[in-house]
Amino acid sequence: FTNLGYTWNIARDVNATVGNNLIERVNPGDTISASVGVGFALNETFSMSMGYQHNYIFGTKSVINNTNVSSQDFQVGSLLFGMSLGLGESTGLSMSVADGLTEESPDVEFTLRVPFSFSLVD
């Protein structure tokens with residue numbers, strides 16, 4: 001599997017005072033993301049996956065006290081491991097662990113999901 005993405009964050013006029021600083025405008029940095037991996041089924045109900053995810057996050061640009069301020073760009077890379085178990089026709093259990101590989105990424109991220117589906121019409 002592969003995934004490419006772009007997240008566009010919209011700038012906003014804040015005009016708020018924090019301490020002695022007037023924060024006039026904040027433009028959070030956009031993000032370019034990509035992931036690649038492989039998934040394989042061990043039987044009809046159990047599958048596993050391994051992959052790599054990388055995000056390039058552009059720095060935030062702000063206007064504080066009539067001065068332009070910018071933060072640095074940074075990168076977040078993670079090694080991904082996942083498992084999925086079918087619990088019935090409409091319910092599953094999904095678990096993933098992401099191991100951070102860059103300085104800015106979390107050391108470990110654990111996600112547990114219970115996806116389900118239902119029908120409103122008989």
# chains A, B, ... in the order shown; residues from 1 in each chain; ligands from 1

$ residues_around --residues "Val97 (chain A)" --least-positions-apart "2" --cutoff "6 Å" --atoms "only C-alpha atoms" --output "PyMOL selection string"
chain A and resi 80-81+109-110

$ residues_around --residues "region 22-32 of chain A" --least-positions-apart "4" --cutoff "7 Å" --atoms "only C-alpha atoms" --output "list in words"
Gly5, Tyr6, Thr7, Trp8, Asn9, Ile10, Ala11, Arg12, Asp13, Val14, Asn15, Ala16, Thr17, Val18, Asn55, Tyr56, Ile57, Phe58, Gly59, Thr60, Lys61, Ser62, Val63, Ile64 and Asn65 of chain A

$ residues_around --residues "Thr102 (chain A)" --least-positions-apart "5" --cutoff "9 Å" --atoms "only C-alpha atoms" --output "NGL selection string"
:A and (75-78 or 107)

$ write_last_selection --atoms "C-alpha atoms" --output "PDB file, in the first residue's frame"
ATOM      1  CA  GLN A  75      10.072  15.935   9.813  1.00  0.00           C
ATOM      2  CA  VAL A  76       8.230  13.101  11.533  1.00  0.00           C
ATOM      3  CA  GLY A  77       9.050   9.544  10.470  1.00  0.00           C
ATOM      4  CA  SER A  78       7.574   6.373  11.968  1.00  0.00           C
ATOM      5  CA  ASP A 107       8.865   7.562  20.635  1.00  0.00           C
TER       6      ASP A 107
END

$ residues_around --residues "Ala41 (chain A)" --least-positions-apart "6" --cutoff "12 Å" --atoms "only C-alpha atoms" --output "list of chain:residue names"
A:Ser47, A:Met48, A:Ser49, A:Gly82, A:Met83, A:Ser84, A:Leu85, A:Gly86

$ closest_residue --among "A:Val121, A:Leu4, A:Met50, A:Val38" --to "Leu79 (chain A)" --atoms "only C-alpha atoms"
A:Met50

$ atom_distance --atom1 "CA of Pro115 (chain A)" --atom2 "CA of Gly39 (chain A)"
17.9 Å
